[in-house]
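Structure file query_15.pdb; described as PDB, C-alpha atoms and all ligand atoms.
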```
ATOM      1  CA  MET E   1     141.044  96.714  64.451  1.00  0.00           C
ATOM      2  CA  PRO E   2     137.428  95.588  64.867  1.00  0.00           C
ATOM      3  CA  ASN E   3     134.891  98.370  65.033  1.00  0.00           C
ATOM      4  CA  ILE E   4     133.261  97.414  68.307  1.00  0.00           C
ATOM      5  CA  SER E   5     130.420  99.929  68.341  1.00  0.00           C
ATOM      6  CA  HIS E   6     129.563  99.035  64.751  1.00  0.00           C
ATOM      7  CA  ASN E   7     129.627  95.303  65.591  1.00  0.00           C
ATOM      8  CA  LEU E   8     127.435  95.897  68.634  1.00  0.00           C
ATOM      9  CA  ALA E   9     124.881  97.807  66.570  1.00  0.00           C
ATOM     10  CA  GLN E  10     124.858  94.979  64.043  1.00  0.00           C
ATOM     11  CA  ILE E  11     124.412  92.243  66.617  1.00  0.00           C
ATOM     12  CA  ARG E  12     121.616  94.167  68.350  1.00  0.00           C
ATOM     13  CA  ALA E  13     119.871  94.600  65.006  1.00  0.00           C
ATOM     14  CA  ARG E  14     120.354  90.905  64.350  1.00  0.00           C
ATOM     15  CA  ILE E  15     118.819  89.943  67.690  1.00  0.00           C
ATOM     16  CA  HIS E  16     115.810  92.131  66.902  1.00  0.00           C
ATOM     17  CA  GLY E  17     115.504  90.649  63.412  1.00  0.00           C
ATOM     18  CA  ILE E  18     115.678  87.077  64.671  1.00  0.00           C
ATOM     19  CA  ALA E  19     113.154  87.735  67.451  1.00  0.00           C
ATOM     20  CA  LYS E  20     110.760  89.365  65.015  1.00  0.00           C
ATOM     21  CA  LYS E  21     111.074  86.488  62.576  1.00  0.00           C
ATOM     22  CA  HIS E  22     110.231  83.990  65.317  1.00  0.00           C
ATOM     23  CA  ASN E  23     107.503  86.112  66.885  1.00  0.00           C
ATOM     24  CA  ILE E  24     109.444  86.643  70.087  1.00  0.00           C
ATOM     25  CA  ASN E  25     109.688  89.868  72.080  1.00  0.00           C
ATOM     26  CA  PRO E  26     113.187  91.186  71.251  1.00  0.00           C
ATOM     27  CA  TYR E  27     113.509  92.552  74.799  1.00  0.00           C
ATOM     28  CA  ASN E  28     113.404  88.980  76.151  1.00  0.00           C
ATOM     29  CA  THR E  29     116.990  88.494  75.037  1.00  0.00           C
ATOM     30  CA  ARG E  30     119.816  90.218  76.870  1.00  0.00           C
ATOM     31  CA  LEU E  31     123.135  90.618  75.117  1.00  0.00           C
ATOM     32  CA  LEU E  32     126.144  89.531  77.155  1.00  0.00           C
ATOM     33  CA  ALA E  33     129.406  90.768  75.627  1.00  0.00           C
ATOM     34  CA  VAL E  34     131.994  88.035  76.208  1.00  0.00           C
ATOM     35  CA  SER E  35     135.163  90.037  76.747  1.00  0.00           C
ATOM     36  CA  LYS E  36     137.580  87.269  77.775  1.00  0.00           C
ATOM     37  CA  THR E  37     141.129  87.919  76.493  1.00  0.00           C
ATOM     38  CA  GLN E  38     140.151  91.443  75.382  1.00  0.00           C
ATOM     39  CA  PRO E  39     141.979  94.459  76.810  1.00  0.00           C
ATOM     40  CA  ALA E  40     140.156  96.911  79.077  1.00  0.00           C
ATOM     41  CA  SER E  41     140.182  99.444  76.230  1.00  0.00           C
ATOM     42  CA  ALA E  42     137.919  97.152  74.186  1.00  0.00           C
ATOM     43  CA  LEU E  43     135.462  96.897  77.077  1.00  0.00           C
ATOM     44  CA  ILE E  44     135.447 100.672  77.443  1.00  0.00           C
ATOM     45  CA  GLU E  45     134.665 101.041  73.751  1.00  0.00           C
ATOM     46  CA  ALA E  46     131.702  98.673  74.141  1.00  0.00           C
ATOM     47  CA  TYR E  47     130.648 100.451  77.339  1.00  0.00           C
ATOM     48  CA  ASN E  48     130.629 103.756  75.491  1.00  0.00           C
ATOM     49  CA  ALA E  49     128.301 102.099  72.979  1.00  0.00           C
ATOM     50  CA  GLN E  50     125.839 101.399  75.830  1.00  0.00           C
ATOM     51  CA  GLN E  51     126.925  97.821  76.565  1.00  0.00           C
ATOM     52  CA  ARG E  52     126.668  97.036  80.299  1.00  0.00           C
ATOM     53  CA  ASP E  53     126.784  93.228  80.621  1.00  0.00           C
ATOM     54  CA  PHE E  54     130.237  91.662  80.200  1.00  0.00           C
ATOM     55  CA  GLY E  55     131.256  88.006  80.480  1.00  0.00           C
ATOM     56  CA  GLU E  56     134.618  86.635  81.626  1.00  0.00           C
ATOM     57  CA  ASN E  57     135.754  83.056  82.033  1.00  0.00           C
ATOM     58  CA  TYR E  58     139.011  83.309  83.987  1.00  0.00           C
ATOM     59  CA  ALA E  59     138.827  84.409  87.613  1.00  0.00           C
ATOM     60  CA  GLN E  60     142.078  86.383  87.566  1.00  0.00           C
ATOM     61  CA  GLU E  61     141.117  88.212  84.415  1.00  0.00           C
ATOM     62  CA  LEU E  62     137.733  89.057  85.917  1.00  0.00           C
ATOM     63  CA  GLU E  63     139.419  90.456  89.017  1.00  0.00           C
ATOM     64  CA  GLN E  64     141.880  92.578  87.021  1.00  0.00           C
ATOM     65  CA  LYS E  65     139.235  94.066  84.763  1.00  0.00           C
ATOM     66  CA  ALA E  66     136.650  94.584  87.502  1.00  0.00           C
ATOM     67  CA  ARG E  67     139.261  96.502  89.519  1.00  0.00           C
ATOM     68  CA  ALA E  68     140.487  98.524  86.557  1.00  0.00           C
ATOM     69  CA  LEU E  69     136.932  99.414  85.512  1.00  0.00           C
ATOM     70  CA  ALA E  70     135.400  99.762  88.992  1.00  0.00           C
ATOM     71  CA  HIS E  71     134.298 103.327  88.173  1.00  0.00           C
ATOM     72  CA  LEU E  72     131.925 102.037  85.460  1.00  0.00           C
ATOM     73  CA  ASP E  73     128.500 100.518  86.215  1.00  0.00           C
ATOM     74  CA  ILE E  74     129.352  97.233  84.505  1.00  0.00           C
ATOM     75  CA  ILE E  75     127.440  94.034  85.286  1.00  0.00           C
ATOM     76  CA  TRP E  76     130.018  91.239  85.474  1.00  0.00           C
ATOM     77  CA  HIS E  77     129.072  87.682  84.503  1.00  0.00           C
ATOM     78  CA  PHE E  78     131.350  84.756  85.217  1.00  0.00           C
ATOM     79  CA  ILE E  79     130.855  82.090  82.535  1.00  0.00           C
ATOM     80  CA  GLY E  80     133.907  79.823  82.803  1.00  0.00           C
ATOM     81  CA  PRO E  81     134.753  76.574  84.577  1.00  0.00           C
ATOM     82  CA  ILE E  82     134.986  77.159  88.345  1.00  0.00           C
ATOM     83  CA  GLN E  83     137.883  75.784  90.378  1.00  0.00           C
ATOM     84  CA  SER E  84     137.251  75.749  94.114  1.00  0.00           C
ATOM     85  CA  ASN E  85     140.355  77.827  94.853  1.00  0.00           C
ATOM     86  CA  LYS E  86     138.945  80.633  92.659  1.00  0.00           C
ATOM     87  CA  THR E  87     135.506  80.948  94.218  1.00  0.00           C
ATOM     88  CA  ARG E  88     136.452  83.852  96.513  1.00  0.00           C
ATOM     89  CA  VAL E  89     137.422  86.113  93.620  1.00  0.00           C
ATOM     90  CA  ILE E  90     134.340  85.085  91.681  1.00  0.00           C
ATOM     91  CA  ALA E  91     132.057  85.699  94.692  1.00  0.00           C
ATOM     92  CA  GLU E  92     133.565  89.155  95.198  1.00  0.00           C
ATOM     93  CA  TYR E  93     133.622  90.479  91.654  1.00  0.00           C
ATOM     94  CA  SER E  94     130.676  88.905  89.819  1.00  0.00           C
ATOM     95  CA  HIS E  95     127.048  89.941  89.717  1.00  0.00           C
ATOM     96  CA  TRP E  96     126.124  86.772  87.844  1.00  0.00           C
ATOM     97  CA  VAL E  97     127.667  83.289  87.692  1.00  0.00           C
ATOM     98  CA  HIS E  98     126.436  81.098  84.824  1.00  0.00           C
ATOM     99  CA  SER E  99     128.572  78.028  85.279  1.00  0.00           C
ATOM    100  CA  ILE E 100     127.728  76.351  88.590  1.00  0.00           C
ATOM    101  CA  ASP E 101     127.753  72.587  88.201  1.00  0.00           C
ATOM    102  CA  ARG E 102     128.376  71.268  91.731  1.00  0.00           C
ATOM    103  CA  CYS E 103     126.846  71.861  95.156  1.00  0.00           C
ATOM    104  CA  LYS E 104     130.286  72.294  96.704  1.00  0.00           C
ATOM    105  CA  ILE E 105     131.033  75.250  94.446  1.00  0.00           C
ATOM    106  CA  ALA E 106     127.630  76.792  95.180  1.00  0.00           C
ATOM    107  CA  GLU E 107     128.267  76.463  98.919  1.00  0.00           C
ATOM    108  CA  ARG E 108     131.657  78.149  98.650  1.00  0.00           C
ATOM    109  CA  LEU E 109     130.248  81.030  96.596  1.00  0.00           C
ATOM    110  CA  ASN E 110     127.451  81.425  99.144  1.00  0.00           C
ATOM    111  CA  LYS E 111     129.890  81.524 102.039  1.00  0.00           C
ATOM    112  CA  GLN E 112     132.323  83.879 100.318  1.00  0.00           C
ATOM    113  CA  ARG E 113     129.809  86.343  98.919  1.00  0.00           C
ATOM    114  CA  PRO E 114     130.606  89.610 100.749  1.00  0.00           C
ATOM    115  CA  SER E 115     127.774  90.522 103.125  1.00  0.00           C
ATOM    116  CA  HIS E 116     127.486  94.102 101.832  1.00  0.00           C
ATOM    117  CA  LEU E 117     126.618  92.835  98.337  1.00  0.00           C
ATOM    118  CA  PRO E 118     123.244  91.548  97.101  1.00  0.00           C
ATOM    119  CA  PRO E 119     122.874  87.797  96.422  1.00  0.00           C
ATOM    120  CA  LEU E 120     124.763  86.430  93.429  1.00  0.00           C
ATOM    121  CA  GLN E 121     122.506  85.758  90.463  1.00  0.00           C
ATOM    122  CA  VAL E 122     123.300  82.242  89.330  1.00  0.00           C
ATOM    123  CA  CYS E 123     122.624  79.703  86.618  1.00  0.00           C
ATOM    124  CA  ILE E 124     123.367  76.006  86.582  1.00  0.00           C
ATOM    125  CA  GLN E 125     125.451  74.788  83.673  1.00  0.00           C
ATOM    126  CA  VAL E 126     123.906  71.670  82.183  1.00  0.00           C
ATOM    127  CA  ASN E 127     125.772  69.157  80.058  1.00  0.00           C
ATOM    128  CA  ILE E 128     122.889  68.985  77.648  1.00  0.00           C
ATOM    129  CA  ASP E 129     124.621  66.930  74.939  1.00  0.00           C
ATOM    130  CA  ASP E 130     126.425  64.530  77.234  1.00  0.00           C
ATOM    131  CA  GLU E 131     129.387  64.523  74.863  1.00  0.00           C
ATOM    132  CA  SER E 132     131.332  67.584  73.714  1.00  0.00           C
ATOM    133  CA  SER E 133     132.372  69.008  77.069  1.00  0.00           C
ATOM    134  CA  LYS E 134     132.964  67.732  80.525  1.00  0.00           C
ATOM    135  CA  SER E 135     131.555  70.922  82.013  1.00  0.00           C
ATOM    136  CA  GLY E 136     128.029  70.980  83.309  1.00  0.00           C
ATOM    137  CA  ILE E 137     125.864  68.717  85.377  1.00  0.00           C
ATOM    138  CA  ALA E 138     123.965  65.773  83.905  1.00  0.00           C
ATOM    139  CA  PRO E 139     120.236  66.520  83.530  1.00  0.00           C
ATOM    140  CA  THR E 140     119.462  63.584  85.838  1.00  0.00           C
ATOM    141  CA  GLU E 141     121.348  65.310  88.677  1.00  0.00           C
ATOM    142  CA  LEU E 142     119.694  68.666  88.211  1.00  0.00           C
ATOM    143  CA  ASP E 143     117.015  68.271  90.897  1.00  0.00           C
ATOM    144  CA  ALA E 144     119.587  67.768  93.637  1.00  0.00           C
ATOM    145  CA  LEU E 145     121.685  70.769  92.585  1.00  0.00           C
ATOM    146  CA  ILE E 146     118.609  73.000  92.369  1.00  0.00           C
ATOM    147  CA  ALA E 147     117.648  71.992  95.909  1.00  0.00           C
ATOM    148  CA  CYS E 148     121.193  72.678  97.098  1.00  0.00           C
ATOM    149  CA  ILE E 149     121.266  76.184  95.588  1.00  0.00           C
ATOM    150  CA  ARG E 150     117.765  77.128  96.706  1.00  0.00           C
ATOM    151  CA  ALA E 151     118.814  76.536 100.309  1.00  0.00           C
ATOM    152  CA  LEU E 152     121.663  79.073 100.054  1.00  0.00           C
ATOM    153  CA  PRO E 153     120.643  82.620 101.059  1.00  0.00           C
ATOM    154  CA  ASN E 154     123.413  84.459  99.176  1.00  0.00           C
ATOM    155  CA  LEU E 155     122.657  82.820  95.846  1.00  0.00           C
ATOM    156  CA  ASN E 156     119.588  83.554  93.759  1.00  0.00           C
ATOM    157  CA  LEU E 157     118.923  80.754  91.278  1.00  0.00           C
ATOM    158  CA  ARG E 158     117.833  82.298  87.974  1.00  0.00           C
ATOM    159  CA  GLY E 159     118.114  79.555  85.372  1.00  0.00           C
ATOM    160  CA  LEU E 160     120.163  77.247  83.215  1.00  0.00           C
ATOM    161  CA  MET E 161     123.156  77.609  80.932  1.00  0.00           C
ATOM    162  CA  ALA E 162     124.596  75.306  78.277  1.00  0.00           C
ATOM    163  CA  ILE E 163     127.317  75.181  75.649  1.00  0.00           C
ATOM    164  CA  PRO E 164     126.012  72.610  73.163  1.00  0.00           C
ATOM    165  CA  SER E 165     128.113  70.714  70.675  1.00  0.00           C
ATOM    166  CA  LYS E 166     128.236  72.179  67.183  1.00  0.00           C
ATOM    167  CA  SER E 167     126.433  69.236  65.588  1.00  0.00           C
ATOM    168  CA  ASN E 168     122.848  70.004  66.575  1.00  0.00           C
ATOM    169  CA  PRO E 169     122.588  73.110  68.747  1.00  0.00           C
ATOM    170  CA  ALA E 170     118.879  73.629  68.006  1.00  0.00           C
ATOM    171  CA  LYS E 171     118.015  70.278  69.559  1.00  0.00           C
ATOM    172  CA  ALA E 172     120.173  71.007  72.619  1.00  0.00           C
ATOM    173  CA  PHE E 173     118.611  74.460  73.066  1.00  0.00           C
ATOM    174  CA  ASP E 174     115.114  72.982  72.939  1.00  0.00           C
ATOM    175  CA  ALA E 175     116.120  70.387  75.519  1.00  0.00           C
ATOM    176  CA  LEU E 176     117.529  73.071  77.826  1.00  0.00           C
ATOM    177  CA  GLN E 177     114.382  75.159  77.422  1.00  0.00           C
ATOM    178  CA  ALA E 178     112.215  72.172  78.359  1.00  0.00           C
ATOM    179  CA  LEU E 179     114.338  71.471  81.450  1.00  0.00           C
ATOM    180  CA  ALA E 180     114.088  75.092  82.576  1.00  0.00           C
ATOM    181  CA  GLN E 181     110.347  75.098  82.127  1.00  0.00           C
ATOM    182  CA  GLN E 182     109.986  71.879  84.107  1.00  0.00           C
ATOM    183  CA  HIS E 183     111.821  73.493  87.000  1.00  0.00           C
ATOM    184  CA  HIS E 184     110.099  76.895  86.727  1.00  0.00           C
ATOM    185  CA  LEU E 185     113.332  78.668  85.902  1.00  0.00           C
ATOM    186  CA  HIS E 186     113.117  81.743  83.684  1.00  0.00           C
ATOM    187  CA  THR E 187     116.679  82.452  82.581  1.00  0.00           C
ATOM    188  CA  LEU E 188     118.158  80.579  79.661  1.00  0.00           C
ATOM    189  CA  SER E 189     121.800  81.441  79.025  1.00  0.00           C
ATOM    190  CA  MET E 190     122.411  79.963  75.606  1.00  0.00           C
ATOM    191  CA  GLY E 191     123.673  81.009  72.191  1.00  0.00           C
ATOM    192  CA  MET E 192     127.087  82.293  71.075  1.00  0.00           C
ATOM    193  CA  SER E 193     128.325  84.106  67.939  1.00  0.00           C
ATOM    194  CA  GLY E 194     127.787  81.040  65.739  1.00  0.00           C
ATOM    195  CA  ASP E 195     124.353  79.899  66.901  1.00  0.00           C
ATOM    196  CA  ILE E 196     122.382  82.859  68.250  1.00  0.00           C
ATOM    197  CA  GLU E 197     119.513  82.363  65.823  1.00  0.00           C
ATOM    198  CA  GLU E 198     118.824  78.803  66.993  1.00  0.00           C
ATOM    199  CA  ALA E 199     119.203  79.935  70.617  1.00  0.00           C
ATOM    200  CA  ILE E 200     116.798  82.872  70.368  1.00  0.00           C
ATOM    201  CA  ALA E 201     114.277  80.752  68.464  1.00  0.00           C
ATOM    202  CA  ALA E 202     114.398  78.285  71.387  1.00  0.00           C
ATOM    203  CA  GLY E 203     113.760  81.037  73.941  1.00  0.00           C
ATOM    204  CA  SER E 204     117.220  82.214  75.013  1.00  0.00           C
ATOM    205  CA  THR E 205     117.108  85.101  77.476  1.00  0.00           C
ATOM    206  CA  ILE E 206     120.884  85.722  77.533  1.00  0.00           C
ATOM    207  CA  VAL E 207     123.061  85.291  74.457  1.00  0.00           C
ATOM    208  CA  ARG E 208     126.806  85.234  75.153  1.00  0.00           C
ATOM    209  CA  VAL E 209     128.580  86.844  72.226  1.00  0.00           C
ATOM    210  CA  GLY E 210     132.326  87.356  71.957  1.00  0.00           C
ATOM    211  CA  THR E 211     133.829  87.110  68.490  1.00  0.00           C
ATOM    212  CA  ALA E 212     130.984  88.863  66.683  1.00  0.00           C
ATOM    213  CA  ILE E 213     131.536  91.933  68.896  1.00  0.00           C
ATOM    214  CA  PHE E 214     135.274  92.026  69.584  1.00  0.00           C
ATOM    215  CA  GLY E 215     136.678  90.072  66.634  1.00  0.00           C
ATOM    216  CA  PRO E 216     138.769  86.892  66.836  1.00  0.00           C
ATOM    217  CA  ARG E 217     140.595  86.153  70.075  1.00  0.00           C
ATOM    218  CA  ALA E 218     144.363  85.692  70.277  1.00  0.00           C
ATOM    219  CA  PRO E 219     145.428  82.191  71.374  1.00  0.00           C
ATOM    220  CA  GLN E 220     145.467  81.844  75.158  1.00  0.00           C
ATOM    221  CA  HIS E 221     148.298  80.963  77.484  1.00  0.00           C
ATOM    222  CA  HIS E 222     146.528  80.546  80.770  1.00  0.00           C
ATOM    223  CA  THR E 223     149.042  78.030  82.008  1.00  0.00           C
ATOM    224  CA  GLY E 224     147.478  75.841  84.600  1.00  0.00           C
ATOM    225  CA  ALA E 225     144.280  77.851  84.689  1.00  0.00           C
ATOM    226  CA  ASN E 226     142.120  74.908  83.713  1.00  0.00           C
ATOM    227  CA  HIS E 227     144.024  72.142  85.368  1.00  0.00           C
ATOM    228  CA  GLY E 228     142.986  72.646  88.940  1.00  0.00           C
ATOM    229  CA  GLU E 229     140.527  70.599  90.861  1.00  0.00           C
ATOM    230  CA  GLN E 230     137.382  70.454  88.701  1.00  0.00           C
TER
HETATM  231  C1  LIG J 301     134.012  82.339  74.756  1.00  0.00           C
HETATM  232  C2  LIG J 301     132.640  82.009  75.214  1.00  0.00           C
HETATM  233  C3  LIG J 301     131.511  82.533  74.545  1.00  0.00           C
HETATM  234  C4  LIG J 301     131.587  83.432  73.329  1.00  0.00           C
HETATM  235  O1  LIG J 301     131.968  82.732  72.190  1.00  0.00           O
HETATM  236  P1  LIG J 301     131.991  83.433  70.752  1.00  0.00           P
HETATM  237  O2  LIG J 301     131.966  82.290  69.815  1.00  0.00           O
HETATM  238  O3  LIG J 301     133.243  84.220  70.686  1.00  0.00           O
HETATM  239  O4  LIG J 301     130.787  84.284  70.638  1.00  0.00           O
HETATM  240  C5  LIG J 301     130.272  82.203  75.049  1.00  0.00           C
HETATM  241  N1  LIG J 301     130.122  81.421  76.147  1.00  0.00           N
HETATM  242  C6  LIG J 301     131.178  80.914  76.800  1.00  0.00           C
HETATM  243  C7  LIG J 301     130.946  80.067  78.001  1.00  0.00           C
HETATM  244  C8  LIG J 301     132.466  81.191  76.364  1.00  0.00           C
HETATM  245  O5  LIG J 301     133.513  80.664  77.033  1.00  0.00           O
END
```
Mind converting the file's structure to structure tokens?
Ligand SMILES: *Cc1c(COP(=O)(O)O)cnc(C)c1O
Amino acid sequence: MPNISHNLAQIRARIHGIAKKHNINPYNTRLLAVSKTQPASALIEAYNAQQRDFGENYAQELEQKARALAHLDIIWHFIGPIQSNKTRVIAEYSHWVHSIDRCKIAERLNKQRPSHLPPLQVCIQVNIDDESSKSGIAPTELDALIACIRALPNLNLRGLMAIPSKSNPAKAFDALQALAQQHHLHTLSMGMSGDIEEAIAAGSTIVRVGTAIFGPRAPQHHTGANHGEQ
């Protein structure tokens, strides 16, 4: 069994160490615990070690955990691919959505965000490498998507997110940082267990860390979950 509170302490110390080394304020970087596939008990263990931000990438799993843990003041981040038939659940249970890559999805989230809740905090996922993944919008289409989101009252555009290819993450992180700066966006959701140093050095404000906190994930059987309309 992984020792979650120990792992959390280590990763927090690592974030501080990296920030210090690169002359960056360590409080600029928020730690998002990516809890996909983990049981609620693992999230509770992290919560008891002061973790509040949790990331999920399947809508149904988000709904289940958010309901089961509704008594805790958890901040839920949706970080996975978004199918249009899942936007209602995502709009209801998330505080943040990192993975918007189409205006249509933004419009659905805006419409379905319950009126008693504050605006959804959102990031646009950018396909910064133009190779490894099909998720994310091309940088050339970013202007139009920003304009789309800024016109939606129930979404608050915070920044950009990317999952770069393994080959040269540092270059991709720098490119994402430059894009965010160009568009006056302050949130940079980038960096995972394997590349947080490069991400923080490039100005990441949210690192999304799963394995280094919760240990390796079991193989997934989300039959059909990623085959819907994309
Ligand atoms: C799973 C996942 C992570 C975390 O990856 P680790 O390598 O386990 O830290 C980060 N971001 C996204 C979008 C993910 O799907």
Each chain E residue no farther than 7 Å from ligand LIG 301 (chain J), nearest pair in Å, only C-alpha atoms and all ligand atoms, as CSV:
```
residue,atom,partner,partner_atom,distance
E:Val34,CA,J:LIG301,C4,5.4
E:Lys36,CA,J:LIG301,C1,6.8
E:Asn57,CA,J:LIG301,O5,6.0
E:Ile79,CA,J:LIG301,C7,5.0
E:Gly80,CA,J:LIG301,C7,5.6
E:Ile163,CA,J:LIG301,C7,6.5
E:Met192,CA,J:LIG301,O4,4.2
E:Ser193,CA,J:LIG301,O4,3.7
E:Gly194,CA,J:LIG301,O2,6.0
E:Arg208,CA,J:LIG301,C5,4.6
E:Val209,CA,J:LIG301,O4,3.7
E:Gly210,CA,J:LIG301,O3,3.5
E:Thr211,CA,J:LIG301,O3,3.7
E:Ala212,CA,J:LIG301,O4,6.1
```
| Hits of the PyMOL selection byres (((chain E and resi 41-45) around 12) and not hetatm) in this structure, as a PyMOL selection string | chain E and resi 1-8+32-40+46-56+65-66+68-76+210+213-215
| task | Name the residues captured by the PyMOL selection byres (((chain E and resi 187) around 9) and not hetatm) when it is applied to the shown file; answer as a PyMOL selection string. | result | chain E and resi 123+158-161+180+185-186+188-189+204-206
| field | Option closest in space to E:Lys111, from E:Asn154, E:Thr140, E:Asn127, E:Ser99 [counting only C-alpha atoms] | value | E:Asn154
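Residues matched by the PyMOL selection byres (((chain E and resi 149) around 10) and not hetatm) in this file: Ile100, Arg102, Cys103, Lys104, Ile105, Ala106, Glu107, Asn110, Val122, Cys123, Ile124, Ala144, Leu145, Ile146, Ala147, Cys148, Arg150, Ala151, Leu152, Pro153, Asn154, Leu155, Asn156 and Leu157 of chain E.
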How would the residues just picked look written out with C-alpha atoms as a PDB file, in the coordinates of the input?
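Saved file out20.pdb follows:
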```pdb
ATOM      1  CA  ILE E 100     127.728  76.351  88.590  1.00  0.00           C
ATOM      2  CA  ARG E 102     128.376  71.268  91.731  1.00  0.00           C
ATOM      3  CA  CYS E 103     126.846  71.861  95.156  1.00  0.00           C
ATOM      4  CA  LYS E 104     130.286  72.294  96.704  1.00  0.00           C
ATOM      5  CA  ILE E 105     131.033  75.250  94.446  1.00  0.00           C
ATOM      6  CA  ALA E 106     127.630  76.792  95.180  1.00  0.00           C
ATOM      7  CA  GLU E 107     128.267  76.463  98.919  1.00  0.00           C
ATOM      8  CA  ASN E 110     127.451  81.425  99.144  1.00  0.00           C
ATOM      9  CA  VAL E 122     123.300  82.242  89.330  1.00  0.00           C
ATOM     10  CA  CYS E 123     122.624  79.703  86.618  1.00  0.00           C
ATOM     11  CA  ILE E 124     123.367  76.006  86.582  1.00  0.00           C
ATOM     12  CA  ALA E 144     119.587  67.768  93.637  1.00  0.00           C
ATOM     13  CA  LEU E 145     121.685  70.769  92.585  1.00  0.00           C
ATOM     14  CA  ILE E 146     118.609  73.000  92.369  1.00  0.00           C
ATOM     15  CA  ALA E 147     117.648  71.992  95.909  1.00  0.00           C
ATOM     16  CA  CYS E 148     121.193  72.678  97.098  1.00  0.00           C
ATOM     17  CA  ARG E 150     117.765  77.128  96.706  1.00  0.00           C
ATOM     18  CA  ALA E 151     118.814  76.536 100.309  1.00  0.00           C
ATOM     19  CA  LEU E 152     121.663  79.073 100.054  1.00  0.00           C
ATOM     20  CA  PRO E 153     120.643  82.620 101.059  1.00  0.00           C
ATOM     21  CA  ASN E 154     123.413  84.459  99.176  1.00  0.00           C
ATOM     22  CA  LEU E 155     122.657  82.820  95.846  1.00  0.00           C
ATOM     23  CA  ASN E 156     119.588  83.554  93.759  1.00  0.00           C
ATOM     24  CA  LEU E 157     118.923  80.754  91.278  1.00  0.00           C
TER      25      LEU E 157
END
```
